[in-house]
Every structure is written in structure tokens, then in C-alpha cells.
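Participant: Starting off with a structure, shown below.
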Amino acid sequence: MSELEKLFYLCGISADYLDYQGQRQEVPLEQRQRALRLMGIEPADPLALSTAVAELDVAPWRLWLPRYSVTAATAPEIALRLHPAQQATTFTWNLTLENGKILAGECRPDTLPETGNYLADGVRYTARQLPLPALEPGYHTLWVTDGAQSVSCSLMACPDRFYVPDMVAGERLWGISCQLYTLRSARNWGVGDFTDLLELLPLAAAAGADLIGLNPLHAPCTDGDAIASPYSPSDRRFLNPQYIDPEREPEWAWVAETVAAGGWGKQRALLRAAPLVDYEAVNGLKYEALEAMFSVFLREQVDAGTQRGSDFQRFVTQGGADLDGFARFEMRHNNWARLHRTEPRFYIWLQWVASAQLQACQQRALAVGMRIGLMRDLAVGAIGRGYEVEQSAGLYLAEASIGAPPDPFAPHGQDWGLPAPHPLRLRESGFSAFTKLLRRNMSACGALRVDHVMALMRLWWCLHDEKDSAGLYVFYPRDDLLALLRLESWRHRCVVVGEDLGVVPGEFREAMRCSALLGNRLFYFEKHPDGRFRAPEELAEDALLMVTNHDVPTLADWWAGSDLRRRRELGLIPDGDALGKLEQERAADRAELLAWLDASGLLPEAVGSEMDMALCSAIHQACARGRSRLLLLQLEDLQLVAEPVNIPGTWREYPNWRRKQSQSTKDIFASPQVQALLASVNRERRI
């Protein structure tokens, strides 16, 4: 193997891949070289190649222990890598556990099993397996010494399987998914907020729901067009203040009179009534109120030394440099703050309030009887001009973005505009950014959906080549990342769902199965190769089944075929012939759907060209019969909403991430037809 090919392997740069049709596609050499160059290694420089090989392949063998090691908690494995002259030396080891307990022992390498060897500069180094006792999952520190020198290793001991609550094991739970900002109520400020979520929870729980699936709640970039998309955040570690309900805070009483005098009530009513979320207007109004409230908070709580003021100061301290840095980033970029624009504590206060209100929602979910509660959503990346990327200097590559290879819906591939993580630096950092991200997103919830979970194994890099839409897969340390995800799942008692829609390598599916990581299925795609919908008993058990989601048409839209006509109007379907072909395929899909319902004994007596509640209820009831461990119904389908919340492949052409629910939450659940639908779903899931 040449040094160049060795570097491609060490850096995870693929030579080929299987496309959506299962055909092998070769990656041109110049694209692989470009990816290597983006990682900081010049492929045309022989010295650069040999230096990189020495650093990545040889240097680790000259260290007794790596700086970081991810291992199984039940059977920890760590290899001592030694010069042959050290094999007869007696080594002492000490293991400081996370709880402060210390374990100790000694060994002679030549009595230990050899797990590998490596020849470098005429010396054959050996790797010997150091036996360690079973450990509690956690972050521990191992020290090894020969009496003359000592080395340490951060040992991350991980469970073999993801957390599953005892009460959930073997049961089939269901819930409702919604984009939080779409919720309507008689009191919100033109965007769904945490109080609207508090209203939804008992209504859903009373119907039998055990979880509420949410969109990503990440902090957005407030100085650009990406503000609307929850999947294009500034920083996934922090929350979006737009979801704060100002009226829930004690400071609201001090400013309510001023608000009333300023005519805000009329503005809020207009924003509430609008069919789309006006982010600029909503946030402009909210920030004006929140800034006035923060002034009161400083005077009445912080300066007065109250318990509430002390709680805030503790939050500031615990947030550390990350929170302070985020606040200072917001000082430079936030478009809505005026009075306290240059006061970092204001932005920290927003995070404190948002965190408390979100936590109250999870507490309420459990209090009303939900067994999981909130299911948060972790986006696959953050945009380049946001704080997460700015703060993690070197961890992301601005010259490469992540996306997806060509498929029938996107013949030129997809570019999501999110900087690609550097796989080598991710490992070099001890995965600290990754684990911190998990901890922040596993707080205040009972489950976490990880968007595009295949990113733990590989990501499609868009190389921004001027000549063509160049791209290739780059591989990441899958086993380590999955293990750490299991560890944080266990520590936070958080169920994890991996969004694995699309082309998924077989070995990744096997890794998911072996570790009890739930997959994600979508009703529309659960079909046999011949087009027949899978019978309920054929649906995957170890998965979350979604009837519909934010990236596909609603049931009413799909059944009427209006999604196809809309895509043609937006230029996503090239011509009338292509539209005609897709409409024929849809007609066949509708026929298969009716046959599927008939086989389940759920076919309504009369079925028309438009979706009605009888047909909608039958589809939901059939899905509820499936074996899937979790089931989510989308709130839009309960109202027969036709307009999608998002159309992939569009930006300005369609108002993505802005469309609201057609009815208030209270009115949705007051409908006898919705109540009957939910009751039928609940009966099926309890059988």
C-alpha cells in the first residue's frame, strides 16, 4: 500500500460507495486528494505524506497508552504498546474512578496476551492486553508507571446497550409529534412556545400518549435567512429564546402595564392570527418585552441578593466558558436586542429562563403520566457562521459541507450547507465536543432523536468543486461514537432513536441492532420491493414508526396528490411528462394502501379523492397495530392539513418552517373525530 493510499485509509476517505440503486460508484482520485488537502495534508508533497503517516500510524506505537480510550464497561480492554525491551518490566497501574474510588494492580507485559504488533524503523513494537476489572459506566483515569515514568489515559467505560426504561421494555408506546413553533393558542405571541407545550401535554396524556416528539430547539443564527429552519442552527448546545413565554416569569408583572400601554396586545393578536410565523416581528416584540423584564430582574433579584438572583448566578458559573462565549457571540450578532445588546448577562438570562421553562415541560409530562415525556431532536450539524463552529476552531472544515449523494429526488445530490467535522481532530479532542453536545440535548427530556444517525459512521462531503458537484463519503470512528452515545444515554436515562432513513450500510444497521439503538421508520417507505405496504406484523420492532414527518407530505397532501402538483409548480419536477409518471405511481400507491387497509379489516366503506377522517383514522389504526416499539402521529394529520411544513430542495420558493397548525391545540383535542382516532390508536397499542 502506498503512503497516499495508507493516508486515505487513516483519514477515512472512501474510494467507492454504493448508490441508492446498489450500484458501486468509484470516487475519482482527484476528489480523494482534495478531501485529504482539506484535512491539512498536501497529497502532492512526499514529505507531507510521510510526516502524516508517521504521526497517524507510527507515533501511537511509541506511546504506552493513548490519551483517550473508549472501552466496554463490562469487559474493559486497554492495550499497552511497548518497545520489545520493556516486555519484561513490571508495571504498576492505578485506575481512578469517576466516583473517586481507586483501583490498583501490576503486570508484566510478557505474561499478557499480545493483541498486535508493528514494525517501525527496524523495531517491532508489541501491544499487550492489560486486564482491568469490570467498571461502572463513566469517565475514569488510568495511570501506568514503570517506576521511572508515568503516563495517563482517559478511560471512557461504556455500556453495551442503550438505556431502555424497565416500564417500556416489551411495551408499544405512542405519542404525538409537532413542530413547537406551529402550535396555536389564544394567548401566544404568534409562535408556539413552552406554555403551548404545557397545554399539549395533559391533553395528549389523557388520550394515552407517552411521548411528544419535538423539532430541534437549538439556538438559531439571528442575523440571516437561516433563522426559520430548526435544522440550521447557530449552536446545538443552547436553546432558542423564541420559545420563552414571557408571561410565565415573575418579572412580567412589572412590565405588563407598560406593554398594555404600548399597544402590544393588538400586535400579538395580529401575529397570532397570521397563517405563517413572522419570525422578525415575533422576536422583535418578544425581545422588547424580555429586555424590559431583564432590567427588572437585575434590580429586583440580582442586586437585591434574592434566592432567584442566586440561582441565576449559579447558572452563570456552571455554564462556564461555553455559555459566556455564546453570550458574547450573541452580543455581536443578535439582531433583536437593543437595550441590553452589549450586556452578556442578558443572553445568559435568556438561556436560564428557556432552560427552566423547558425543564418544567418535562416535569409536567411525567406528572400527567407520560412514561417518556419529551423527545428532543438533535440536528446533524450547525451552520458555518454560528457560534458552535466558530468556537470549535479546527474541528470543522469550512471548505467542505455535508449532504447526500445523488438520488431520484435530488439528481445532483444534496448540500445541506453545514461544515463537515474533521474526523481526526474529533478523535484527538477526546470527543469532548460530541459528549458535551449529547449532555446538553439529553437534558429536560426522556428521549432523543439523533438526526441522520449514519453521521456516526460516515458523512457525505460536498467538496464545492467549481467544475462539478464533487462529493465522497468520509468515515468517522463509529464504534467510539456509538459507545459514547450509549454512555450518555445510560447516564441521562434517555431513550435514543437514530434517524436512519435513506441508504444505510448493513454493518451500521447491525451495530444499531446489537446495541438496542432504535431506528426510525416512515410509513410511506415501509413497502415491499413490489410496492405492497408491509403488514403491521412485518414492521420493524426495534424502531420508532412515524406516520408522517416534517420532510414528507401530510396524509391529506399525499392522498390528493397535491404535493406532486406543488413540486411541479416549484420546479422540483422538470416537466409535465415527469409529473404524469409520478401521478401514475401515486395512483398505484393509493391502490396498495387500500389493499393494505382491506387486509387489516380497516377499509372504510366509502373512499373519495380527498382524505377524510375515516380514512385518516384507518391508516393510523393500522400503523398502531405495528410491532414498532414507538409510534408517532403528526399533529397536522389529525386536522387533515394539506400544506407541508417543509419541502426539501426549496428555500425561498416555499415558506418552509413557518406554516402554523390550522387549529388551536385545545380545539384539535376537543374534536370528537380526533378523540375517536386517538382512542383507536391507544387501544391498538395496549393490546
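In the C-alpha cells, each chain is lettered A, B, ... as it comes, each chain's residues begin at 1, and ligands are numbered from 1 in order of appearance.
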Would you give me, as JSON, numbers by chain, the residues in segment 175-209 of chain A that DSSP reads as strand (DSSP E or B)?
Facilitator: {"A": [175, 176, 177, 178, 184]}
Participant: So that I can see what lies close to segment 420-422 of chain A, please list as an MDAnalysis selection string the residues with an atom at most 9 Å from it, counting only C-alpha atoms and leaving out residues fewer than 3 positions away in the same chain.
Facilitator: chainID A and resid 39 381 394:402 425:427 459:462 476
Participant: Please save C-alpha atoms of the selected residues as a compact mmCIF listing (two decimals), in the first residue's frame.
Facilitator:
```
# COMPACT_ATOMS: atom_id res chain seq x y z
CA MET A 39 -7.80 17.94 6.18
CA GLY A 381 -24.85 19.95 12.25
CA GLY A 394 -10.23 23.37 13.72
CA LEU A 395 -12.96 20.85 14.44
CA TYR A 396 -14.99 21.86 11.37
CA LEU A 397 -13.91 22.36 7.77
CA ALA A 398 -15.47 25.40 6.13
CA GLU A 399 -14.37 24.28 2.66
CA ALA A 400 -16.45 21.09 2.81
CA SER A 401 -20.10 20.79 3.73
CA ILE A 402 -22.19 17.72 4.45
CA ARG A 425 -9.49 16.24 15.25
CA LEU A 426 -12.71 14.81 16.62
CA ARG A 427 -10.72 11.88 17.99
CA LEU A 459 -20.81 11.64 6.11
CA TRP A 460 -21.15 12.69 2.50
CA TRP A 461 -18.77 15.59 1.91
CA CYS A 462 -19.67 18.16 -0.73
CA TYR A 476 -15.71 8.54 11.33
```
Participant: Please report the interatomic distance between atom CA of Val674 of chain A and atom CA of Ala206 of chain A in Å with one decimal.
Facilitator: 12.8 Å
Participant: As a ChimeraX atom specification, list the residues of segment 1-192 of chain A assigned to helix (DSSP H, G or I) by DSSP on the backbone atoms of this structure.
Facilitator: /A:3-10,29-38,46-62,84-86,109-111,180-182
Participant: So that each row is one residue of segment 17-70 of chain A with an atom at most 9 Å from segment 83-86 of chain A, can you give its shortest atom pair and the distance in Å to one decimal, using only C-alpha atoms, rows by chain and rising number, as JSON lines?
Facilitator:
```
{"residue": "A:Trp61", "atom": "CA", "partner": "A:His83", "partner_atom": "CA", "distance": 8.4}
{"residue": "A:Arg62", "atom": "CA", "partner": "A:His83", "partner_atom": "CA", "distance": 7.4}
{"residue": "A:Trp64", "atom": "CA", "partner": "A:His83", "partner_atom": "CA", "distance": 8.9}
```
Participant: If you count only C-alpha atoms, which residues fall within 10 Å of Leu36 of chain A, apart from same-chain ones fewer than 3 positions away, as a PyMOL selection string?
Facilitator: chain A and resi 4+7-8+11-13+30-33+39-43
Participant: One number please: atom CA of Glu249 of chain A to atom CA of Thr317 of chain A, in Å, one decimal.
Facilitator: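 Atom-to-atom, atom CA of Glu249 of chain A to atom CA of Thr317 of chain A, that is 21.6 Å.
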Participant: I need the residue nearest Ala470 of chain A from this list: A:Leu424, A:Leu10, A:Pro28, A:Pro159. Use only C-alpha atoms for the distance.
Facilitator: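 Using only C-alpha atoms, the shortest distance to Ala470 of chain A belongs to A:Pro28.
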Participant: Using only C-alpha atoms, pick whichever of A:Ser609, A:Asn94, A:Gln661, A:Asn441 has the shortest atom-to-atom distance to Cys153 of chain A.
Facilitator: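 Using only C-alpha atoms, Cys153 of chain A sits closest to A:Asn94.
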Participant: Could you list, as a list in words, every residue within 9 Å of Leu638 of chain A, counting only C-alpha atoms and ignoring same-chain residues fewer than 2 positions away?
Facilitator: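 That gives Met613, Cys616, Ser617, Leu633, Gln634, Leu635, Glu636, Leu640, Val641, Ile668, Gln673, Val674 and Leu677 of chain A.
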Participant: Need to verify the contact set: segment 260-274 of chain A, 9 Å, only C-alpha atoms, exclusion of same-chain residues closer than 5 positions in sequence. Can you return it as a count of residues only?
Facilitator: 13
Participant: Which residue gives the smallest distance to Asp322 of chain A among A:Asp235, A:Glu251, A:Glu538, A:Glu488, with only C-alpha atoms counted?
Facilitator: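 Once distances to Asp322 of chain A are computed over only C-alpha atoms, the minimum belongs to A:Asp235.
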Participant: Could you name the residues that touch Phe238 of chain A at 12 Å or less, counting only C-alpha atoms, but leaving out those on the same chain fewer than 4 positions away, as a ChimeraX atom specification?
Facilitator: /A:216-221,233-234,319,322-327,330,347-348,350-355,358,378,382,386-388,436-443
Participant: Please save C-alpha atoms of the selected residues as a compact mmCIF listing (two decimals), in the first residue's frame.
Facilitator:
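Result file part-v1.txt:
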```txt
# COMPACT_ATOMS: atom_id res chain seq x y z
CA PRO A 216 -34.75 20.77 17.31
CA LEU A 217 -34.88 23.57 19.90
CA HIS A 218 -31.37 24.81 19.12
CA ALA A 219 -30.25 28.42 19.23
CA PRO A 220 -30.60 29.97 15.76
CA CYS A 221 -28.49 32.46 13.87
CA PRO A 233 -28.79 26.29 13.99
CA SER A 234 -26.07 28.56 15.30
CA GLY A 319 -22.24 27.44 32.24
CA ASP A 322 -19.03 27.95 26.70
CA LEU A 323 -22.02 29.90 27.97
CA ASP A 324 -20.03 33.10 28.36
CA GLY A 325 -18.63 32.73 24.85
CA PHE A 326 -22.09 32.13 23.42
CA ALA A 327 -23.39 35.26 25.16
CA GLU A 330 -24.84 36.97 20.60
CA TYR A 347 -28.23 36.43 26.74
CA ILE A 348 -27.28 34.14 29.61
CA LEU A 350 -32.45 34.09 28.20
CA GLN A 351 -30.81 30.66 28.31
CA TRP A 352 -31.59 30.35 32.03
CA VAL A 353 -35.27 31.18 31.51
CA ALA A 354 -35.58 28.94 28.44
CA SER A 355 -33.90 26.03 30.26
CA LEU A 358 -38.28 23.50 29.08
CA LEU A 378 -30.55 16.71 17.68
CA ALA A 382 -24.62 23.71 12.75
CA GLY A 386 -22.76 30.21 14.06
CA TYR A 387 -21.11 30.03 17.45
CA GLU A 388 -20.74 26.26 17.64
CA LYS A 436 -20.93 17.94 25.57
CA LEU A 437 -23.46 18.16 22.74
CA LEU A 438 -25.16 14.97 23.92
CA ARG A 439 -25.36 16.12 27.52
CA ARG A 440 -26.98 19.41 26.61
CA ASN A 441 -29.56 17.74 24.38
CA MET A 442 -30.38 14.90 26.76
CA SER A 443 -31.39 17.31 29.49
```
Participant: Do a neighbour search on Phe523 of chain A at 9 Å with only C-alpha atoms, toss out local chain neighbours closer than 6 positions, and write the hits as a VMD selection string.
Facilitator: chain A and resid 533 545 to 548 623
Participant: Which of these residues is nearest to Asp278 of chain A, using only C-alpha atoms: A:Leu290, A:Val144, A:Met331, A:Ala228?
Facilitator: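 Residue with the minimum atom-to-atom distance to Asp278 of chain A: A:Ala228.
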Participant: Please determine, counting only C-alpha atoms, which residue among A:Ala588, A:Ala483, A:Ala304, A:Ile244 has the shortest atom-to-atom distance to Tyr287 of chain A.
Facilitator: A:Ile244
